[in-house]
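To be precise, the following lines are structure_10.txt, and they hold compact mmCIF, C-alpha atoms and all ligand atoms.
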```
# COMPACT_ATOMS: atom_id res chain seq x y z
CA MET A 1 31.43 62.81 23.99
CA PRO A 2 32.29 62.79 27.71
CA THR A 3 30.55 60.18 29.79
CA TYR A 4 28.93 61.21 33.00
CA GLN A 5 28.94 59.15 36.12
CA LEU A 6 26.45 58.92 38.88
CA GLN A 7 27.78 60.99 41.79
CA ARG A 8 29.13 59.13 44.79
CA GLY A 9 26.40 58.51 47.36
CA THR A 10 23.52 59.21 44.98
CA TYR A 11 21.22 56.81 43.16
CA ASP A 12 18.82 56.62 40.24
CA ALA A 13 15.46 55.03 40.97
CA TYR A 14 13.44 53.47 38.16
CA ASP A 15 11.04 50.57 37.59
CA ASP A 16 9.92 49.03 40.88
CA ASP A 17 12.09 51.25 43.06
CA ALA A 18 10.67 54.47 41.69
CA LEU A 19 7.12 53.12 41.83
CA ASN A 20 7.57 51.88 45.38
CA LEU A 21 9.10 55.14 46.60
CA ASP A 22 6.15 56.95 45.07
CA LYS A 23 3.68 54.58 46.65
CA LEU A 24 5.30 54.91 50.07
CA GLN A 25 4.86 58.67 49.96
CA GLU A 26 1.26 58.28 48.93
CA ILE A 27 0.40 55.95 51.83
CA LEU A 28 2.31 58.01 54.38
CA LYS A 29 0.57 61.21 53.27
CA ALA A 30 -2.83 59.51 53.37
CA THR A 31 -2.18 58.14 56.86
CA VAL A 32 -1.06 61.39 58.48
CA SER A 33 -3.87 63.32 56.83
CA LEU A 34 -6.25 61.15 58.90
CA TYR A 35 -4.80 63.03 61.89
CA GLY A 36 -5.29 66.47 60.35
CA PHE A 37 -1.75 67.01 59.04
CA ASN A 38 -1.28 69.15 55.92
CA PRO A 39 1.72 69.53 53.62
CA ILE A 40 4.42 72.17 53.92
CA ILE A 41 7.08 72.65 51.26
CA THR A 42 10.28 74.58 51.96
CA PRO A 43 13.50 75.19 49.97
CA ILE A 44 16.23 72.57 49.80
CA TYR A 45 18.85 75.17 50.73
CA GLU A 46 18.95 77.68 53.54
CA GLN A 47 21.42 79.94 55.28
CA THR A 48 24.08 77.72 56.84
CA GLU A 49 23.55 79.37 60.21
CA LEU A 50 19.97 78.10 60.40
CA PHE A 51 21.31 74.55 60.64
CA THR A 52 24.25 75.31 62.92
CA ARG A 53 21.87 77.02 65.36
CA SER A 54 18.96 74.59 65.22
CA VAL A 55 20.42 71.19 64.47
CA GLY A 56 23.31 72.10 66.76
CA GLU A 57 27.03 72.63 66.42
CA SER A 58 27.84 69.49 68.37
CA SER A 59 25.87 67.21 66.07
CA ASP A 60 27.70 65.07 63.51
CA ILE A 61 25.30 66.27 60.86
CA VAL A 62 26.44 69.87 61.16
CA ASN A 63 29.98 69.09 62.14
CA LYS A 64 30.97 66.73 59.40
CA GLU A 65 28.18 66.15 56.95
CA MET A 66 26.85 69.42 55.57
CA PHE A 67 27.03 70.32 51.89
CA SER A 68 27.98 73.99 52.32
CA PHE A 69 29.08 76.62 49.86
CA VAL A 70 29.34 80.36 49.34
CA ASP A 71 26.99 81.58 46.61
CA LYS A 72 27.77 84.29 44.05
CA GLY A 73 26.37 86.92 46.41
CA GLY A 74 28.81 85.86 49.14
CA ARG A 75 26.14 84.16 51.28
CA ASN A 76 26.89 81.05 53.31
CA ILE A 77 24.46 78.45 52.09
CA SER A 78 23.89 74.77 52.96
CA LEU A 79 21.79 72.06 51.43
CA ARG A 80 19.39 70.95 54.14
CA PRO A 81 20.66 67.93 56.11
CA GLU A 82 17.13 67.43 57.52
CA LEU A 83 13.83 69.21 57.01
CA THR A 84 12.76 70.28 60.49
CA ALA A 85 14.93 73.42 60.65
CA GLY A 86 13.52 74.75 57.36
CA VAL A 87 9.96 74.07 58.48
CA MET A 88 10.58 75.97 61.72
CA ARG A 89 12.11 78.86 59.77
CA ALA A 90 9.07 78.91 57.46
CA ILE A 91 6.73 78.99 60.46
CA VAL A 92 8.59 82.01 61.82
CA THR A 93 9.12 83.79 58.48
CA ASN A 94 5.42 83.52 57.64
CA LYS A 95 4.24 84.04 61.24
CA LEU A 96 2.14 80.90 60.92
CA TYR A 97 2.19 80.50 64.72
CA ALA A 98 0.30 83.81 65.08
CA THR A 99 -2.19 83.49 62.25
CA ARG A 100 -3.22 79.83 62.39
CA ASP A 101 -4.78 77.65 65.06
CA LEU A 102 -2.29 75.84 67.24
CA PRO A 103 -0.98 73.27 67.14
CA LEU A 104 0.29 73.63 63.60
CA LYS A 105 0.33 70.20 62.01
CA TYR A 106 2.51 69.84 58.93
CA TYR A 107 4.02 66.96 57.04
CA TYR A 108 6.93 67.27 54.63
CA CYS A 109 8.51 65.00 52.07
CA GLY A 110 11.63 65.76 50.08
CA PRO A 111 15.35 65.35 49.61
CA ALA A 112 17.91 65.91 52.36
CA PHE A 113 21.69 66.00 51.89
CA ARG A 114 24.45 64.66 54.09
CA TYR A 115 28.05 64.25 53.10
CA GLU A 116 28.31 60.77 54.56
CA ARG A 117 30.68 57.96 53.79
CA PRO A 118 28.46 55.96 51.46
CA GLN A 119 27.67 52.59 52.99
CA GLN A 120 24.82 50.12 52.84
CA GLY A 121 21.60 52.13 52.61
CA ARG A 122 23.23 55.48 53.35
CA TYR A 123 23.11 58.12 50.64
CA ARG A 124 24.32 61.67 50.25
CA GLN A 125 20.97 62.62 48.82
CA PHE A 126 18.06 60.82 50.40
CA THR A 127 14.38 61.44 50.99
CA GLN A 128 12.78 62.23 54.29
CA PHE A 129 9.12 62.08 55.11
CA GLY A 130 8.26 63.65 58.44
CA VAL A 131 5.77 65.54 60.51
CA GLU A 132 5.96 68.51 62.86
CA ARG A 133 3.32 69.38 65.40
CA VAL A 134 4.09 72.86 66.72
CA GLY A 135 2.48 74.49 69.73
CA VAL A 136 1.75 71.35 71.71
CA THR A 137 0.32 71.63 75.20
CA SER A 138 -0.25 68.09 76.37
CA PRO A 139 1.59 64.76 76.48
CA LEU A 140 -1.36 63.51 74.43
CA ASP A 141 0.07 65.56 71.53
CA ASP A 142 3.24 63.50 71.85
CA ALA A 143 1.35 60.23 72.31
CA GLU A 144 -0.81 60.82 69.25
CA THR A 145 2.19 61.71 67.09
CA ILE A 146 4.11 58.62 68.18
CA ILE A 147 1.11 56.36 67.53
CA MET A 148 0.58 58.02 64.15
CA GLY A 149 4.17 57.20 63.13
CA TYR A 150 3.75 53.63 64.33
CA SER A 151 0.51 53.25 62.45
CA SER A 152 2.05 54.78 59.28
CA LEU A 153 4.77 52.13 59.34
CA LEU A 154 2.17 49.37 59.63
CA MET A 155 0.18 50.94 56.78
CA ILE A 156 3.16 50.83 54.43
CA GLY A 157 3.61 47.13 55.15
CA PHE A 158 5.93 46.50 58.08
CA PRO A 159 4.52 43.45 59.83
CA ARG A 160 6.17 44.29 63.18
CA VAL A 161 7.40 47.57 64.55
CA THR A 162 8.76 48.13 68.03
CA LEU A 163 9.35 51.42 69.69
CA LYS A 164 12.37 52.50 71.67
CA ILE A 165 11.51 55.41 73.85
CA ASN A 166 13.13 57.61 76.47
CA THR A 167 12.52 60.88 78.24
CA LEU A 168 15.20 63.52 78.50
CA GLY A 169 13.29 65.83 80.86
CA ASP A 170 13.41 69.59 80.53
CA GLU A 171 16.43 71.83 80.14
CA LYS A 172 17.17 72.11 83.86
CA THR A 173 17.01 68.35 84.33
CA ARG A 174 19.31 67.84 81.36
CA ASP A 175 21.77 70.43 82.73
CA ASN A 176 21.92 68.54 86.03
CA TYR A 177 22.26 65.25 84.24
CA ARG A 178 25.00 66.60 81.94
CA ALA A 179 26.94 67.76 85.00
CA ALA A 180 26.60 64.28 86.51
CA LEU A 181 27.76 62.67 83.25
CA LYS A 182 30.76 64.99 83.05
CA GLU A 183 31.76 64.02 86.56
CA TYR A 184 31.33 60.33 85.76
CA PHE A 185 33.16 60.38 82.40
CA ALA A 186 36.03 62.69 83.49
CA PRO A 187 38.32 59.87 84.72
CA HIS A 188 37.52 57.70 81.63
CA ILE A 189 37.47 60.18 78.79
CA ALA A 190 41.18 59.95 77.92
CA SER A 191 40.68 56.30 76.89
CA MET A 192 37.50 56.92 74.90
CA CYS A 193 37.07 57.57 71.15
CA GLU A 194 37.66 60.92 69.46
CA ASP A 195 33.93 61.56 69.01
CA CYS A 196 33.36 61.00 72.72
CA LYS A 197 36.20 63.38 73.58
CA ARG A 198 34.58 66.07 71.47
CA ARG A 199 31.14 65.33 72.87
CA PHE A 200 32.52 65.47 76.41
CA GLU A 201 33.24 69.15 75.73
CA THR A 202 30.22 70.08 73.61
CA ASN A 203 27.39 67.85 74.86
CA PRO A 204 28.18 64.88 77.12
CA LEU A 205 24.63 63.53 76.66
CA ARG A 206 25.66 62.52 73.15
CA ILE A 207 28.34 60.21 74.57
CA LEU A 208 25.46 57.86 75.44
CA ASP A 209 24.90 57.53 71.67
CA CYS A 210 28.42 56.14 71.01
CA LYS A 211 28.51 52.77 69.25
CA ASP A 212 32.15 51.86 70.08
CA PRO A 213 32.04 48.52 71.99
CA GLN A 214 34.80 49.53 74.43
CA ASP A 215 33.16 52.86 75.13
CA ARG A 216 29.82 51.15 75.57
CA GLU A 217 31.19 49.23 78.57
CA ILE A 218 32.00 52.53 80.26
CA ILE A 219 28.66 54.02 79.19
CA ALA A 220 26.75 51.07 80.66
CA LYS A 221 27.83 52.09 84.17
CA ALA A 222 27.06 55.81 83.74
CA PRO A 223 24.36 57.39 85.93
CA SER A 224 20.86 56.99 84.48
CA MET A 225 18.70 59.87 83.33
CA SER A 226 15.79 58.49 85.32
CA GLU A 227 17.47 59.43 88.61
CA TYR A 228 17.32 63.09 87.58
CA LEU A 229 13.70 63.34 86.43
CA SER A 230 11.21 65.38 88.47
CA ASP A 231 7.82 63.92 89.44
CA GLU A 232 6.18 66.18 86.86
CA GLU A 233 8.42 64.91 84.08
CA LYS A 234 7.75 61.33 85.10
CA ALA A 235 3.99 61.99 85.09
CA TYR A 236 4.24 63.58 81.62
CA PHE A 237 6.07 60.56 80.29
CA LYS A 238 3.59 58.17 81.89
CA VAL A 239 0.68 59.69 79.97
CA ILE A 240 2.57 58.77 76.80
CA THR A 241 3.49 55.22 77.78
CA ASP A 242 -0.06 54.62 79.10
CA ALA A 243 -1.45 55.58 75.67
CA LEU A 244 1.00 53.20 73.99
CA GLU A 245 -0.18 50.43 76.28
CA ARG A 246 -3.86 51.10 75.53
CA PHE A 247 -3.06 50.47 71.87
CA ASP A 248 -0.81 47.47 72.54
CA ILE A 249 2.16 49.19 70.95
CA PRO A 250 5.27 47.25 71.90
CA TYR A 251 7.79 49.66 73.40
CA GLU A 252 11.07 49.38 75.19
CA LEU A 253 12.36 52.01 77.58
CA ASP A 254 15.95 52.77 76.54
CA THR A 255 17.60 55.24 78.90
CA THR A 256 20.64 55.65 76.65
CA LEU A 257 18.52 56.85 73.73
CA VAL A 258 19.37 60.53 73.17
CA ARG A 259 19.20 60.84 69.35
CA GLY A 260 21.78 62.52 67.17
CA LEU A 261 20.37 66.03 67.25
CA ASP A 262 20.83 68.54 70.03
CA TYR A 263 17.38 69.99 70.20
CA TYR A 264 15.30 67.28 71.85
CA SER A 265 13.70 67.41 75.30
CA HIS A 266 11.12 65.26 77.10
CA VAL A 267 10.28 62.30 74.88
CA VAL A 268 12.56 60.85 72.18
CA PHE A 269 11.77 57.69 70.25
CA GLU A 270 12.88 55.37 67.48
CA TYR A 271 10.86 52.91 65.44
CA HIS A 272 12.62 49.59 64.93
CA TYR A 273 11.84 46.69 62.68
CA THR A 274 12.47 43.17 63.95
CA SER A 275 12.63 40.37 61.42
CA ASP A 276 10.84 37.01 61.73
CA ASP A 277 13.68 35.49 63.73
CA GLY A 278 13.65 38.39 66.18
CA THR A 279 16.74 40.21 64.84
CA ASN A 280 16.49 43.94 65.30
CA LEU A 281 17.33 45.48 61.92
CA GLY A 282 17.86 48.95 63.34
CA ALA A 283 15.94 52.20 63.37
CA ILE A 284 13.53 52.83 60.51
CA GLY A 285 12.44 56.19 61.81
CA ALA A 286 12.91 58.50 64.73
CA GLY A 287 11.70 61.60 66.41
CA GLY A 288 11.11 63.49 69.58
CA HIS A 289 9.82 66.49 71.42
CA TYR A 290 11.58 69.86 71.35
CA ASP A 291 10.87 73.07 73.24
CA ASN A 292 13.33 75.62 71.90
CA LEU A 293 13.47 75.24 68.18
CA VAL A 294 10.91 77.86 67.14
CA SER A 295 12.45 80.41 69.53
CA GLU A 296 15.95 79.42 68.42
CA VAL A 297 15.11 80.56 64.87
CA GLY A 298 13.50 83.82 65.99
CA GLY A 299 9.92 82.97 66.98
CA PRO A 300 8.15 82.55 70.33
CA MET A 301 8.65 79.64 72.73
CA LEU A 302 6.52 76.83 71.34
CA SER A 303 6.83 73.17 72.22
CA SER A 304 6.77 70.74 69.33
CA VAL A 305 6.95 67.08 68.52
CA GLY A 306 7.79 65.34 65.26
CA PHE A 307 9.40 62.40 63.55
CA ALA A 308 11.22 61.65 60.32
CA LEU A 309 11.41 58.52 58.19
CA GLY A 310 14.04 57.78 55.54
CA LEU A 311 12.16 56.55 52.48
CA GLU A 312 15.08 54.73 50.82
CA ARG A 313 15.66 52.63 53.92
CA LEU A 314 11.95 51.84 54.25
CA ASN A 315 11.86 50.84 50.60
CA SER A 316 14.86 48.52 50.74
CA LEU A 317 13.61 46.76 53.88
CA LEU A 318 10.08 46.43 52.49
CA LYS A 319 11.47 44.92 49.29
CA GLU A 320 13.07 42.16 51.34
CA ILE A 321 9.97 41.60 53.46
CA LYS A 322 7.25 41.46 50.84
CA GLN A 323 8.96 40.94 47.51
CA GLU A 324 6.17 39.56 45.39
CA GLU A 325 3.39 41.60 46.96
CA TYR A 326 4.64 44.85 45.55
CA GLU A 327 2.35 46.28 42.91
CA LYS A 328 3.78 46.08 39.41
CA PRO A 329 2.97 48.58 36.69
CA PHE A 330 0.06 47.54 34.49
CA LEU A 331 -2.20 48.87 31.75
CA ASP A 332 -5.94 48.40 31.40
CA CYS A 333 -5.86 48.43 27.63
CA PHE A 334 -3.53 48.67 24.67
CA LEU A 335 -4.77 49.85 21.28
CA ILE A 336 -3.57 47.86 18.30
CA TYR A 337 -3.97 49.16 14.75
CA GLN A 338 -2.32 49.49 11.34
CA GLY A 339 -2.29 52.34 8.84
CA GLU A 340 -2.69 56.07 9.08
CA GLU A 341 -6.48 56.25 9.11
CA CYS A 342 -6.77 53.76 11.94
CA GLN A 343 -3.98 55.51 13.81
CA THR A 344 -6.08 58.66 14.17
CA VAL A 345 -9.06 56.64 15.37
CA ALA A 346 -6.83 54.74 17.83
CA PHE A 347 -5.32 58.00 19.08
CA ASP A 348 -8.78 59.49 19.71
CA LEU A 349 -10.07 56.28 21.26
CA ALA A 350 -7.11 56.14 23.66
CA MET A 351 -7.81 59.72 24.71
CA MET A 352 -11.48 58.93 25.33
CA LEU A 353 -10.55 55.93 27.46
CA ARG A 354 -8.04 57.93 29.51
CA PHE A 355 -10.59 60.68 30.08
CA ASN A 356 -12.77 57.91 31.49
CA GLY A 357 -10.07 56.79 33.90
CA PHE A 358 -8.51 53.80 32.13
CA LYS A 359 -4.75 53.26 31.96
CA CYS A 360 -4.21 53.03 28.28
CA ASP A 361 -1.30 53.02 25.82
CA LEU A 362 -0.47 52.59 22.12
CA LEU A 363 2.55 52.89 19.82
CA TYR A 364 3.18 55.19 16.84
CA GLN A 365 5.91 53.08 15.24
CA ASN A 366 4.23 51.30 12.31
CA LYS A 367 4.71 47.91 13.94
CA ASN A 368 2.63 44.94 12.81
CA TYR A 369 -0.16 43.48 14.94
CA GLY A 370 2.00 40.72 16.38
CA ALA A 371 4.76 43.09 17.49
CA GLN A 372 2.22 45.45 19.11
CA LEU A 373 0.60 42.56 20.89
CA LYS A 374 3.98 41.51 22.30
CA VAL A 375 4.57 44.99 23.70
CA ALA A 376 1.07 44.96 25.21
CA THR A 377 1.81 41.66 26.94
CA ARG A 378 5.20 42.82 28.24
CA LYS A 379 3.52 45.92 29.67
CA MET A 380 1.11 43.75 31.68
CA THR A 381 -2.00 44.81 29.82
CA SER A 382 -5.44 43.42 30.64
CA PHE A 383 -7.14 44.05 27.28
CA ALA A 384 -5.95 44.55 23.73
CA ILE A 385 -8.39 46.58 21.63
CA PHE A 386 -8.09 46.10 17.87
CA VAL A 387 -8.73 49.14 15.73
CA GLY A 388 -8.90 47.70 12.19
CA GLU A 389 -10.56 49.17 9.09
CA ASP A 390 -13.73 47.09 9.52
CA GLU A 391 -13.94 48.03 13.14
CA VAL A 392 -13.62 51.72 12.36
CA LYS A 393 -16.38 51.42 9.74
CA ASN A 394 -18.76 49.48 12.04
CA HIS A 395 -17.97 51.31 15.29
CA ARG A 396 -17.38 47.94 16.92
CA PHE A 397 -14.04 46.86 18.29
CA ASN A 398 -12.61 43.46 19.01
CA ILE A 399 -11.44 43.31 22.59
CA LYS A 400 -9.10 40.54 23.62
CA ASN A 401 -8.61 39.52 27.22
CA LEU A 402 -4.87 38.90 27.27
CA GLU A 403 -5.07 36.59 30.23
CA THR A 404 -7.81 34.22 28.99
CA GLN A 405 -7.25 34.97 25.26
CA GLU A 406 -11.04 35.33 24.87
CA GLN A 407 -12.19 37.86 22.33
CA GLU A 408 -15.42 39.83 22.02
CA ALA A 409 -16.77 42.54 19.71
CA VAL A 410 -18.02 45.59 21.59
CA ALA A 411 -19.76 48.67 20.18
CA TYR A 412 -17.99 52.01 20.65
CA ASP A 413 -20.80 53.28 22.88
CA ASP A 414 -20.51 50.24 25.15
CA LEU A 415 -16.72 50.26 25.51
CA VAL A 416 -16.52 52.18 28.78
CA ALA A 417 -19.23 50.07 30.40
CA TYR A 418 -17.60 46.87 29.14
CA LEU A 419 -14.18 47.80 30.54
CA ASP A 420 -15.68 49.04 33.80
CA GLU A 421 -17.37 45.71 34.31
CA HIS A 422 -14.40 43.56 33.34
CA LEU A 423 -11.73 45.57 35.11
CA GLU A 424 -13.60 45.80 38.38
CA VAL A 425 -10.77 44.08 40.21
CA HIS A 426 -8.15 46.69 39.28
CA HIS A 427 -10.30 49.71 39.83
CA HIS A 428 -11.30 48.66 43.30
CA ASP A 429 -7.68 48.37 44.45
P1 LIG A 501 17.69 61.44 61.32
O1 LIG A 501 17.30 62.77 60.75
O2 LIG A 501 19.17 61.18 61.34
O3 LIG A 501 17.00 61.15 62.61
O4 LIG A 501 17.16 60.33 60.30
C1 LIG A 501 15.79 60.19 60.00
C2 LIG A 501 15.63 59.11 58.98
O5 LIG A 501 16.37 59.40 57.81
C3 LIG A 501 16.11 57.75 59.46
O6 LIG A 501 15.02 56.88 59.41
C4 LIG A 501 17.20 57.31 58.51
O7 LIG A 501 16.94 56.00 58.03
C5 LIG A 501 17.11 58.27 57.37
N1 LIG A 501 18.47 58.69 56.98
C6 LIG A 501 19.32 59.47 57.67
N2 LIG A 501 20.46 59.65 57.00
C7 LIG A 501 20.36 58.97 55.84
C8 LIG A 501 21.20 58.76 54.70
N3 LIG A 501 22.40 59.30 54.61
N4 LIG A 501 20.74 57.98 53.69
C9 LIG A 501 19.52 57.43 53.76
N5 LIG A 501 18.67 57.59 54.78
C10 LIG A 501 19.08 58.35 55.82
```
Take the structure I supplied and represent it as structure tokens, if you would.
Ligand code: AMP
Amino acid sequence: MPTYQLQRGTYDAYDDDALNLDKLQEILKATVSLYGFNPIITPIYEQTELFTRSVGESSDIVNKEMFSFVDKGGRNISLRPELTAGVMRAIVTNKLYATRDLPLKYYYCGPAFRYERPQQGRYRQFTQFGVERVGVTSPLDDAETIIMGYSSLLMIGFPRVTLKINTLGDEKTRDNYRAALKEYFAPHIASMCEDCKRRFETNPLRILDCKDPQDREIIAKAPSMSEYLSDEEKAYFKVITDALERFDIPYELDTTLVRGLDYYSHVVFEYHYTSDDGTNLGAIGAGGHYDNLVSEVGGPMLSSVGFALGLERLNSLLKEIKQEEYEKPFLDCFLIYQGEECQTVAFDLAMMLRFNGFKCDLLYQNKNYGAQLKVATRKMTSFAIFVGEDEVKNHRFNIKNLETQEQEAVAYDDLVAYLDEHLEVHHHD
């Protein structure tokens, strides 16, 4: 038999990791639904051109990291490197902008694919949770979305989140600023890294994103975006920062923040986590405002704002922060029996308990009482319920509290009430 290996850059999640990833999604969905966001689900692959047009040809994601192929019908297909483009395409394909109230408010959660060099916490298949608010008319739309992301990160357990935020102005402002950057970088570009050289030609704004320490010295002296903003753009941005201040959200204005994607305008932001000793552990989520994306994929001009979070990164950081607090799997009861007749009764009893909302399990392996009890304990069970011949005859079952080792006989008709009362702690979680 051949053996199969896990593909480079992918991972299997099981036990705590799988549970935690699940739980994260649950909390994030619950939080954004408080703001009136509903789910949208789109395919994991699309026409390649959708991504080259919307994510942008100058972005690393499209340039170097797409999983692209030609299908059997000769179509150019790519696995989605992010989910926004597909959501925008779905909004246009289904004319949601014309048939629903604006703004549209959708959240998504699913795999994205980037052919990255696998490194700490970077995968080739990873999971993004994000939101898109399409058809926004006020900086309050942006403010609310940014606060919602912040609050979502607190809800999933980050003790401290700080916000890096910047405004890129509108297209005209960015054109002027790009021209100024080109003029500034022209005498330096020959000594800068290959990425910067490429960005100098395709989108000089992205040079500000470069992490090379030598390049950063040159970047530090570049003209600042703020000198190019109109009064209107400044006022727009102020509504957002004022809202952040009203809610005591710690933010830092970072004028070199441009984000990796080409489509942003006005506000862009990143959520950062700082550890106890004040070390910034990097971005845990990011987003921004974009004006052209819906029109870029064939719809009308509609301004939008959104953010995306990488679930694997959130999970690995949260594991470090709150190790023992993470919920472990548990069972309310485990049915223990011997013999065929009792097995049927145990089977039916387990079903009844599950229909009543209890987490319940049993084995069909002819193990003796002791062995079954061991499994029950390993599976973190609260109560063992013994289904012996006498018990079946009398319709009374011995229930053992596996924590205190106390045992009581309870009539069949009282079982649900008994468990409800004694499991109150779990069920109120
Ligand atoms: P981006 O779409 O690049 O703005 O990323 C949004 C979120 O996805 C970030 O919070 C990242 O942590 C996460 N992310 C991006 N690329 C990867 C990757 N290759 N593996 C895991 N998470 C990723």
Long-range neighbours of segment 272-274 of chain A as a PDB file with C-alpha atoms, in the frame of the given file, 12 Å cut-off, all atoms listed in the file, 6 positions minimum in chain:
```pdb
ATOM      1  CA  GLY A 149       4.170  57.200  63.130  1.00  0.00           C
ATOM      2  CA  TYR A 150       3.750  53.630  64.330  1.00  0.00           C
ATOM      3  CA  LEU A 153       4.770  52.130  59.340  1.00  0.00           C
ATOM      4  CA  LEU A 154       2.170  49.370  59.630  1.00  0.00           C
ATOM      5  CA  GLY A 157       3.610  47.130  55.150  1.00  0.00           C
ATOM      6  CA  PHE A 158       5.930  46.500  58.080  1.00  0.00           C
ATOM      7  CA  PRO A 159       4.520  43.450  59.830  1.00  0.00           C
ATOM      8  CA  ARG A 160       6.170  44.290  63.180  1.00  0.00           C
ATOM      9  CA  VAL A 161       7.400  47.570  64.550  1.00  0.00           C
ATOM     10  CA  THR A 162       8.760  48.130  68.030  1.00  0.00           C
ATOM     11  CA  LEU A 163       9.350  51.420  69.690  1.00  0.00           C
ATOM     12  CA  LYS A 164      12.370  52.500  71.670  1.00  0.00           C
ATOM     13  CA  ILE A 165      11.510  55.410  73.850  1.00  0.00           C
ATOM     14  CA  PRO A 250       5.270  47.250  71.900  1.00  0.00           C
ATOM     15  CA  TYR A 251       7.790  49.660  73.400  1.00  0.00           C
ATOM     16  CA  GLU A 252      11.070  49.380  75.190  1.00  0.00           C
ATOM     17  CA  ASN A 280      16.490  43.940  65.300  1.00  0.00           C
ATOM     18  CA  LEU A 281      17.330  45.480  61.920  1.00  0.00           C
ATOM     19  CA  GLY A 282      17.860  48.950  63.340  1.00  0.00           C
ATOM     20  CA  ALA A 283      15.940  52.200  63.370  1.00  0.00           C
ATOM     21  CA  ILE A 284      13.530  52.830  60.510  1.00  0.00           C
ATOM     22  CA  GLY A 285      12.440  56.190  61.810  1.00  0.00           C
ATOM     23  CA  ALA A 286      12.910  58.500  64.730  1.00  0.00           C
ATOM     24  CA  LEU A 309      11.410  58.520  58.190  1.00  0.00           C
ATOM     25  CA  ARG A 313      15.660  52.630  53.920  1.00  0.00           C
ATOM     26  CA  LEU A 314      11.950  51.840  54.250  1.00  0.00           C
ATOM     27  CA  LEU A 317      13.610  46.760  53.880  1.00  0.00           C
ATOM     28  CA  LEU A 318      10.080  46.430  52.490  1.00  0.00           C
ATOM     29  CA  ILE A 321       9.970  41.600  53.460  1.00  0.00           C
TER      30      ILE A 321
END
```
(request) Find, counting only C-alpha atoms and all ligand atoms, the residue in A:Tyr412, A:Phe355, A:Phe69, A:Phe129 that gets nearest to ligand LIG 501 (chain A). (result) A:Phe129
(message) Using only C-alpha atoms and all ligand atoms for the distances, tell me which of A:Tyr106, A:Phe269, A:Phe334, A:Phe185 is nearest to ligand LIG 501 (chain A).
(response)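 Among the listed residues, A:Phe269 lies closest to ligand LIG 501 (chain A).
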(message) Please list as a list of chain:residue names every residue within 7 Å of segment 369-379 of chain A, counting all atoms listed in the file and excluding residues in the same chain fewer than 2 positions away.
(response) A:Phe330, A:Leu331, A:Phe334, A:Ile336, A:Tyr337, A:Lys367, A:Thr381
Counting only C-alpha atoms, I want the residues whose atoms come within 10 Å of (10.3, 72.8, 57.3) in the file frame, returned as a PDB file with C-alpha atoms, in the frame of the given file.
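Final output, saved to result-v4.pdb:
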```
ATOM      1  CA  PRO A  39       1.720  69.530  53.620  1.00  0.00           C
ATOM      2  CA  ILE A  40       4.420  72.170  53.920  1.00  0.00           C
ATOM      3  CA  ILE A  41       7.080  72.650  51.260  1.00  0.00           C
ATOM      4  CA  THR A  42      10.280  74.580  51.960  1.00  0.00           C
ATOM      5  CA  PRO A  43      13.500  75.190  49.970  1.00  0.00           C
ATOM      6  CA  ILE A  44      16.230  72.570  49.800  1.00  0.00           C
ATOM      7  CA  ARG A  80      19.390  70.950  54.140  1.00  0.00           C
ATOM      8  CA  GLU A  82      17.130  67.430  57.520  1.00  0.00           C
ATOM      9  CA  LEU A  83      13.830  69.210  57.010  1.00  0.00           C
ATOM     10  CA  THR A  84      12.760  70.280  60.490  1.00  0.00           C
ATOM     11  CA  ALA A  85      14.930  73.420  60.650  1.00  0.00           C
ATOM     12  CA  GLY A  86      13.520  74.750  57.360  1.00  0.00           C
ATOM     13  CA  VAL A  87       9.960  74.070  58.480  1.00  0.00           C
ATOM     14  CA  MET A  88      10.580  75.970  61.720  1.00  0.00           C
ATOM     15  CA  ARG A  89      12.110  78.860  59.770  1.00  0.00           C
ATOM     16  CA  ALA A  90       9.070  78.910  57.460  1.00  0.00           C
ATOM     17  CA  ILE A  91       6.730  78.990  60.460  1.00  0.00           C
ATOM     18  CA  TYR A 106       2.510  69.840  58.930  1.00  0.00           C
ATOM     19  CA  TYR A 107       4.020  66.960  57.040  1.00  0.00           C
ATOM     20  CA  TYR A 108       6.930  67.270  54.630  1.00  0.00           C
ATOM     21  CA  CYS A 109       8.510  65.000  52.070  1.00  0.00           C
ATOM     22  CA  GLY A 130       8.260  63.650  58.440  1.00  0.00           C
ATOM     23  CA  VAL A 131       5.770  65.540  60.510  1.00  0.00           C
ATOM     24  CA  GLU A 132       5.960  68.510  62.860  1.00  0.00           C
TER      25      GLU A 132
END
```
(message) As an exercise, work out the distance from atom CA of Tyr364 of chain A to atom CA of Gln343 of chain A in Å and give it to one decimal place.
(response)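 Separation between atom CA of Tyr364 of chain A and atom CA of Gln343 of chain A: 7.8 Å.
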(request) Just the residues within 12 Å of Thr48 of chain A, please, counting all atoms listed in the file, with nothing from its chain fewer than 4 positions along; format it as a list in words. (result)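 So, after excluding close chain neighbours, the residues are Ile44, Thr52, Arg53, Ser54, Val55, Gly56, Glu57, Val62, Asn63, Met66, Phe67, Ser68, Phe69, Val70, Asp71, Arg75, Asn76, Ile77, Ser78, Leu79, Arg80, Pro81, Ala85 and Gly86 of chain A.
Excluding segment 382-391 of chain A and any residue on its chain fewer than 5 positions from it, the residues at most 7 Å away by only C-alpha atoms are A:Leu331, A:Asp332, A:Cys333, A:Phe334, A:Leu335, A:Ile336, A:Tyr337, A:Gln338, A:Cys342, A:Ala346, A:Arg396, A:Phe397, A:Asn398, A:Ile399, A:Lys400, A:Asn401, A:Leu402, A:Glu403.
If all atoms listed in the file are the atoms counted, then among A:Ala190, A:Leu208, A:Thr167, A:Asp195 the closest residue to Leu229 of chain A is A:Thr167.
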